[in-house]
file structure-v2.cif (mmCIF, N, CA and C atoms)
data_coords
#
loop_
_atom_site.group_PDB
_atom_site.id
_atom_site.type_symbol
_atom_site.label_atom_id
_atom_site.label_comp_id
_atom_site.auth_asym_id
_atom_site.auth_seq_id
_atom_site.Cartn_x
_atom_site.Cartn_y
_atom_site.Cartn_z
ATOM 1 N N MET A 11 -0.713 -5.396 38.128
ATOM 2 C CA MET A 11 0.031 -6.454 37.462
ATOM 3 C C MET A 11 1.286 -5.854 36.838
ATOM 4 N N ASN A 12 2.427 -6.236 37.326
ATOM 5 C CA ASN A 12 3.697 -5.705 36.848
ATOM 6 C C ASN A 12 4.326 -6.693 35.869
ATOM 7 N N GLN A 13 4.435 -6.267 34.623
ATOM 8 C CA GLN A 13 5.045 -7.119 33.605
ATOM 9 C C GLN A 13 6.490 -6.694 33.411
ATOM 10 N N ASP A 14 7.373 -7.647 33.317
ATOM 11 C CA ASP A 14 8.787 -7.362 33.161
ATOM 12 C C ASP A 14 9.189 -7.642 31.710
ATOM 13 N N PHE A 15 9.300 -6.569 30.917
ATOM 14 C CA PHE A 15 9.717 -6.698 29.525
ATOM 15 C C PHE A 15 11.223 -6.495 29.431
ATOM 16 N N ALA A 16 11.830 -7.073 28.428
ATOM 17 C CA ALA A 16 13.265 -6.916 28.223
ATOM 18 C C ALA A 16 13.607 -5.494 27.793
ATOM 19 N N PHE A 17 12.686 -4.830 27.085
ATOM 20 C CA PHE A 17 12.917 -3.473 26.602
ATOM 21 C C PHE A 17 11.911 -2.523 27.221
ATOM 22 N N GLY A 18 12.326 -1.275 27.371
ATOM 23 C CA GLY A 18 11.432 -0.239 27.856
ATOM 24 C C GLY A 18 10.762 0.468 26.692
ATOM 25 N N LYS A 19 9.960 1.461 27.020
ATOM 26 C CA LYS A 19 9.222 2.213 26.001
ATOM 27 C C LYS A 19 10.176 2.915 25.039
ATOM 28 N N GLU A 20 11.244 3.480 25.578
ATOM 29 C CA GLU A 20 12.228 4.188 24.751
ATOM 30 C C GLU A 20 12.889 3.235 23.755
ATOM 31 N N ASN A 21 13.170 2.019 24.187
ATOM 32 C CA ASN A 21 13.771 1.023 23.298
ATOM 33 C C ASN A 21 12.835 0.685 22.144
ATOM 34 N N PHE A 22 11.553 0.491 22.450
ATOM 35 C CA PHE A 22 10.591 0.160 21.393
ATOM 36 C C PHE A 22 10.428 1.310 20.404
ATOM 37 N N ILE A 23 10.483 2.539 20.883
ATOM 38 C CA ILE A 23 10.386 3.693 19.985
ATOM 39 C C ILE A 23 11.586 3.730 19.050
ATOM 40 N N ARG A 24 12.783 3.509 19.593
ATOM 41 C CA ARG A 24 13.991 3.501 18.752
ATOM 42 C C ARG A 24 13.952 2.366 17.736
ATOM 43 N N ILE A 25 13.531 1.203 18.164
ATOM 44 C CA ILE A 25 13.465 0.063 17.253
ATOM 45 C C ILE A 25 12.425 0.317 16.160
ATOM 46 N N GLY A 26 11.297 0.908 16.514
ATOM 47 C CA GLY A 26 10.266 1.237 15.522
ATOM 48 C C GLY A 26 10.770 2.247 14.504
ATOM 49 N N CYS A 27 11.464 3.287 14.974
ATOM 50 C CA CYS A 27 12.044 4.272 14.053
ATOM 51 C C CYS A 27 13.092 3.623 13.158
ATOM 52 N N ALA A 28 13.863 2.703 13.712
ATOM 53 C CA ALA A 28 14.883 2.012 12.926
ATOM 54 C C ALA A 28 14.254 1.187 11.819
ATOM 55 N N VAL A 29 13.175 0.490 12.131
ATOM 56 C CA VAL A 29 12.491 -0.317 11.114
ATOM 57 C C VAL A 29 11.963 0.586 9.996
ATOM 58 N N VAL A 30 11.402 1.726 10.374
ATOM 59 C CA VAL A 30 10.895 2.667 9.362
ATOM 60 C C VAL A 30 12.031 3.161 8.481
ATOM 61 N N LEU A 31 13.175 3.517 9.072
ATOM 62 C CA LEU A 31 14.314 3.981 8.277
ATOM 63 C C LEU A 31 14.848 2.889 7.351
ATOM 64 N N ILE A 32 14.900 1.675 7.829
ATOM 65 C CA ILE A 32 15.379 0.568 6.987
ATOM 66 C C ILE A 32 14.441 0.355 5.802
ATOM 67 N N VAL A 33 13.155 0.394 6.050
ATOM 68 C CA VAL A 33 12.181 0.231 4.960
ATOM 69 C C VAL A 33 12.314 1.375 3.961
ATOM 70 N N ILE A 34 12.448 2.611 4.453
ATOM 71 C CA ILE A 34 12.617 3.762 3.553
ATOM 72 C C ILE A 34 13.879 3.591 2.716
ATOM 73 N N GLY A 35 14.968 3.124 3.332
ATOM 74 C CA GLY A 35 16.214 2.909 2.594
ATOM 75 C C GLY A 35 16.061 1.887 1.479
ATOM 76 N N PHE A 36 15.365 0.795 1.768
ATOM 77 C CA PHE A 36 15.161 -0.220 0.729
ATOM 78 C C PHE A 36 14.226 0.263 -0.367
ATOM 79 N N VAL A 37 13.240 1.071 -0.008
ATOM 80 C CA VAL A 37 12.350 1.638 -1.030
ATOM 81 C C VAL A 37 13.130 2.586 -1.928
ATOM 82 N N LEU A 38 14.030 3.383 -1.336
ATOM 83 C CA LEU A 38 14.855 4.285 -2.149
ATOM 84 C C LEU A 38 15.783 3.516 -3.089
ATOM 85 N N MET A 39 16.202 2.322 -2.689
ATOM 86 C CA MET A 39 17.080 1.508 -3.542
ATOM 87 C C MET A 39 16.330 0.826 -4.676
ATOM 88 N N SER A 40 15.042 0.675 -4.546
ATOM 89 C CA SER A 40 14.279 -0.103 -5.530
ATOM 90 C C SER A 40 14.104 0.656 -6.837
ATOM 91 N N GLY A 41 13.699 -0.063 -7.845
ATOM 92 C CA GLY A 41 13.434 0.518 -9.156
ATOM 93 C C GLY A 41 14.667 0.549 -10.028
ATOM 94 N N GLY A 42 14.555 1.239 -11.138
ATOM 95 C CA GLY A 42 15.685 1.403 -12.037
ATOM 96 C C GLY A 42 15.858 0.287 -13.038
ATOM 97 N N GLY A 43 14.880 -0.589 -13.137
ATOM 98 C CA GLY A 43 14.975 -1.674 -14.103
ATOM 99 C C GLY A 43 14.720 -1.176 -15.518
ATOM 100 N N SER A 44 15.097 -1.965 -16.485
ATOM 101 C CA SER A 44 14.852 -1.590 -17.873
ATOM 102 C C SER A 44 13.404 -1.916 -18.238
ATOM 103 N N PRO A 45 12.794 -1.109 -19.097
ATOM 104 C CA PRO A 45 11.391 -1.325 -19.441
ATOM 105 C C PRO A 45 11.134 -2.624 -20.210
ATOM 106 N N ASP A 46 12.090 -3.036 -21.028
ATOM 107 C CA ASP A 46 11.867 -4.243 -21.826
ATOM 108 C C ASP A 46 12.647 -5.448 -21.304
ATOM 109 N N GLY A 47 13.450 -5.282 -20.270
ATOM 110 C CA GLY A 47 14.198 -6.390 -19.696
ATOM 111 C C GLY A 47 15.518 -6.680 -20.371
ATOM 112 N N VAL A 48 15.817 -5.979 -21.454
ATOM 113 C CA VAL A 48 17.049 -6.245 -22.191
ATOM 114 C C VAL A 48 17.942 -5.004 -22.241
ATOM 115 N N SER A 49 17.357 -3.845 -22.418
ATOM 116 C CA SER A 49 18.143 -2.626 -22.597
ATOM 117 C C SER A 49 18.703 -2.124 -21.260
ATOM 118 N N PHE A 50 19.740 -1.303 -21.345
ATOM 119 C CA PHE A 50 20.417 -0.756 -20.167
ATOM 120 C C PHE A 50 19.724 0.521 -19.723
ATOM 121 N N ASN A 51 19.487 0.638 -18.428
ATOM 122 C CA ASN A 51 18.886 1.840 -17.865
ATOM 123 C C ASN A 51 19.905 2.472 -16.912
ATOM 124 N N PRO A 52 20.450 3.663 -17.257
ATOM 125 C CA PRO A 52 21.485 4.275 -16.420
ATOM 126 C C PRO A 52 20.973 4.798 -15.074
ATOM 127 N N SER A 53 19.670 4.787 -14.847
ATOM 128 C CA SER A 53 19.151 5.299 -13.579
ATOM 129 C C SER A 53 19.498 4.392 -12.398
ATOM 130 N N ILE A 54 19.996 3.187 -12.683
ATOM 131 C CA ILE A 54 20.402 2.323 -11.571
ATOM 132 C C ILE A 54 21.637 2.872 -10.876
ATOM 133 N N PHE A 55 22.360 3.770 -11.504
ATOM 134 C CA PHE A 55 23.553 4.365 -10.913
ATOM 135 C C PHE A 55 23.291 5.783 -10.415
ATOM 136 N N SER A 56 22.047 6.118 -10.100
ATOM 137 C CA SER A 56 21.741 7.462 -9.607
ATOM 138 C C SER A 56 22.289 7.632 -8.188
ATOM 139 N N LYS A 57 22.487 8.878 -7.806
ATOM 140 C CA LYS A 57 23.015 9.188 -6.479
ATOM 141 C C LYS A 57 22.078 8.674 -5.386
ATOM 142 N N GLN A 58 20.788 8.688 -5.670
ATOM 143 C CA GLN A 58 19.810 8.198 -4.698
ATOM 144 C C GLN A 58 20.042 6.735 -4.373
ATOM 145 N N ARG A 59 20.297 5.917 -5.384
ATOM 146 C CA ARG A 59 20.448 4.477 -5.172
ATOM 147 C C ARG A 59 21.840 4.077 -4.708
ATOM 148 N N ILE A 60 22.853 4.874 -5.041
ATOM 149 C CA ILE A 60 24.224 4.513 -4.722
ATOM 150 C C ILE A 60 24.685 5.107 -3.391
ATOM 151 N N VAL A 61 24.187 6.306 -3.040
ATOM 152 C CA VAL A 61 24.683 7.001 -1.850
ATOM 153 C C VAL A 61 23.607 7.152 -0.778
ATOM 154 N N VAL A 62 22.483 7.741 -1.144
ATOM 155 C CA VAL A 62 21.462 8.107 -0.157
ATOM 156 C C VAL A 62 20.801 6.881 0.464
ATOM 157 N N ALA A 63 20.335 5.972 -0.350
ATOM 158 C CA ALA A 63 19.607 4.802 0.160
ATOM 159 C C ALA A 63 20.469 3.926 1.079
ATOM 160 N N PRO A 64 21.709 3.596 0.710
ATOM 161 C CA PRO A 64 22.519 2.812 1.647
ATOM 162 C C PRO A 64 22.818 3.559 2.953
ATOM 163 N N ALA A 65 22.985 4.887 2.867
ATOM 164 C CA ALA A 65 23.236 5.670 4.083
ATOM 165 C C ALA A 65 22.020 5.640 5.004
ATOM 166 N N VAL A 66 20.829 5.813 4.447
ATOM 167 C CA VAL A 66 19.602 5.768 5.249
ATOM 168 C C VAL A 66 19.425 4.385 5.865
ATOM 169 N N THR A 67 19.687 3.357 5.094
ATOM 170 C CA THR A 67 19.558 1.985 5.596
ATOM 171 C C THR A 67 20.569 1.720 6.714
ATOM 172 N N MET A 68 21.808 2.168 6.531
ATOM 173 C CA MET A 68 22.835 1.955 7.552
ATOM 174 C C MET A 68 22.497 2.706 8.840
ATOM 175 N N ILE A 69 21.981 3.916 8.723
ATOM 176 C CA ILE A 69 21.549 4.665 9.910
ATOM 177 C C ILE A 69 20.433 3.907 10.619
ATOM 178 N N GLY A 70 19.526 3.317 9.850
ATOM 179 C CA GLY A 70 18.464 2.510 10.439
ATOM 180 C C GLY A 70 19.005 1.310 11.197
ATOM 181 N N PHE A 71 19.987 0.621 10.624
ATOM 182 C CA PHE A 71 20.579 -0.533 11.311
ATOM 183 C C PHE A 71 21.329 -0.100 12.573
ATOM 184 N N LEU A 72 22.042 1.020 12.515
ATOM 185 C CA LEU A 72 22.743 1.513 13.704
ATOM 186 C C LEU A 72 21.763 1.917 14.801
ATOM 187 N N LEU A 73 20.650 2.541 14.402
ATOM 188 C CA LEU A 73 19.627 2.899 15.379
ATOM 189 C C LEU A 73 18.998 1.645 15.981
ATOM 190 N N MET A 74 18.871 0.605 15.192
ATOM 191 C CA MET A 74 18.346 -0.664 15.698
ATOM 192 C C MET A 74 19.281 -1.233 16.775
ATOM 193 N N VAL A 75 20.570 -1.218 16.510
ATOM 194 C CA VAL A 75 21.535 -1.716 17.486
ATOM 195 C C VAL A 75 21.489 -0.864 18.750
ATOM 196 N N ALA A 76 21.417 0.466 18.586
ATOM 197 C CA ALA A 76 21.342 1.349 19.747
ATOM 198 C C ALA A 76 20.059 1.106 20.535
ATOM 199 N N GLY A 77 18.963 0.855 19.835
ATOM 200 C CA GLY A 77 17.699 0.584 20.514
ATOM 201 C C GLY A 77 17.721 -0.720 21.288
ATOM 202 N N ILE A 78 18.465 -1.686 20.794
ATOM 203 C CA ILE A 78 18.553 -2.973 21.482
ATOM 204 C C ILE A 78 19.512 -2.887 22.671
ATOM 205 N N LEU A 79 20.633 -2.212 22.488
ATOM 206 C CA LEU A 79 21.652 -2.182 23.529
ATOM 207 C C LEU A 79 21.395 -1.153 24.625
ATOM 208 N N LYS A 80 20.619 -0.119 24.336
ATOM 209 C CA LYS A 80 20.370 0.938 25.331
ATOM 210 C C LYS A 80 19.617 0.366 26.510
ATOM 211 N N ASN A 81 20.132 0.631 27.682
ATOM 212 C CA ASN A 81 19.486 0.188 28.903
ATOM 213 C C ASN A 81 18.545 1.300 29.358
ATOM 214 N N GLY A 82 17.278 1.023 29.437
ATOM 215 C CA GLY A 82 16.284 2.021 29.792
ATOM 216 C C GLY A 82 16.421 2.507 31.222
ATOM 217 N N LYS A 83 15.835 3.676 31.515
ATOM 218 C CA LYS A 83 15.888 4.247 32.858
ATOM 219 C C LYS A 83 15.237 3.317 33.870
ATOM 220 N N ASN A 84 14.124 2.732 33.501
ATOM 221 C CA ASN A 84 13.427 1.838 34.420
ATOM 222 C C ASN A 84 14.272 0.613 34.752
ATOM 223 N N ARG A 85 14.970 0.073 33.762
ATOM 224 C CA ARG A 85 15.815 -1.095 34.011
ATOM 225 C C ARG A 85 16.956 -0.737 34.957
ATOM 226 N N LEU A 86 17.543 0.457 34.762
ATOM 227 C CA LEU A 86 18.635 0.873 35.643
ATOM 228 C C LEU A 86 18.133 1.058 37.066
ATOM 229 N N GLU A 87 16.960 1.669 37.221
ATOM 230 C CA GLU A 87 16.393 1.867 38.555
ATOM 231 C C GLU A 87 16.056 0.535 39.205
ATOM 232 N N ASP A 88 15.522 -0.405 38.417
ATOM 233 C CA ASP A 88 15.204 -1.735 38.948
ATOM 234 C C ASP A 88 16.466 -2.453 39.415
ATOM 235 N N GLU A 89 17.536 -2.355 38.608
ATOM 236 C CA GLU A 89 18.782 -3.010 38.987
ATOM 237 C C GLU A 89 19.368 -2.393 40.246
ATOM 238 N N LYS A 90 19.297 -1.052 40.365
ATOM 239 C CA LYS A 90 19.804 -0.385 41.560
ATOM 240 C C LYS A 90 18.994 -0.782 42.788
ATOM 241 N N SER A 91 17.676 -0.851 42.631
ATOM 242 C CA SER A 91 16.847 -1.216 43.777
ATOM 243 C C SER A 91 17.094 -2.665 44.191
ATOM 244 N N LEU A 92 17.345 -3.542 43.228
ATOM 245 C CA LEU A 92 17.660 -4.928 43.568
ATOM 246 C C LEU A 92 18.989 -5.025 44.302
ATOM 247 N N LYS A 93 19.984 -4.242 43.865
ATOM 248 C CA LYS A 93 21.275 -4.235 44.539
ATOM 249 C C LYS A 93 21.129 -3.700 45.961
ATOM 250 N N ASN A 94 20.322 -2.635 46.111
ATOM 251 C CA ASN A 94 20.109 -2.054 47.438
ATOM 252 C C ASN A 94 19.393 -3.032 48.357
ATOM 253 N N LYS A 95 18.422 -3.768 47.832
ATOM 254 C CA LYS A 95 17.728 -4.769 48.621
ATOM 255 C C LYS A 95 18.674 -5.878 49.048
ATOM 256 N N GLY A 96 19.560 -6.250 48.135
ATOM 257 C CA GLY A 96 20.534 -7.296 48.443
ATOM 258 C C GLY A 96 21.521 -6.850 49.512
ATOM 259 N N ASN A 97 21.955 -5.580 49.436
ATOM 260 C CA ASN A 97 22.871 -5.048 50.440
ATOM 261 C C ASN A 97 22.188 -4.878 51.789
ATOM 262 N N ALA A 98 20.910 -4.506 51.775
ATOM 263 C CA ALA A 98 20.170 -4.308 53.022
ATOM 264 C C ALA A 98 19.933 -5.638 53.728
ATOM 265 N N ALA A 99 19.829 -6.714 52.968
ATOM 266 C CA ALA A 99 19.571 -8.027 53.567
ATOM 267 C C ALA A 99 20.808 -8.582 54.262
ATOM 268 N N LYS A 100 21.985 -8.079 53.908
ATOM 269 C CA LYS A 100 23.227 -8.616 54.497
ATOM 270 C C LYS A 100 23.459 -8.124 55.887
#
call {"tool": "encode", "arguments": {"input": "structure-v2.cif", "output": "structure tokens"}}
result
Amino acid sequence: MNQDFAFGKENFIRIGCAVVLIVIGFVLMSGGGSPDGVSFNPSIFSKQRIVVAPAVTMIGFLLMVAGILKNGKNRLEDEKSLKNKGNAAK
């Protein structure tokens, strides 16, 4: 039984890694609230929340785009074989 998926195994691995990176980025951004809800907590401006977390999240989103747009080896071979079959029929 041959199932035709839009993405190959490599695409799913990239998308899975991207989701993990995005989640890690959002977890790094979380926290930093004030204990009583009124006072100011300067930890919201830490390097982790301002620089590292957005960078990790952005890398995750870029990897997601690459995982979606990358054409897998199997898809390329299938397209070539279809073109060859079409040319052979002429």
call {"tool": "residues_around", "arguments": {"input": "structure-v2.cif", "residues": "region 18-33 of chain A", "least_positions_apart": "4", "cutoff": "6.5 Å", "atoms": "only N, CA and C atoms", "output": "VMD selection string"}}
result
chain A and resid 37 to 38 66 to 67 69 to 71 73 to 74 77 to 78 82
call {"tool": "resolve_selection", "arguments": {"input": "structure-v2.cif", "expression": "the PyMOL selection byres ((chain A and resi 40-42) around 6)", "output": "number ranges by chain"}}
result
A: 36-39, 43-44, 51, 53-54
call {"tool": "atom_distance", "arguments": {"input": "structure-v2.cif", "atom1": "CA of Gln13 (chain A)", "atom2": "CA of Ala76 (chain A)"}}
result
23.0 Å
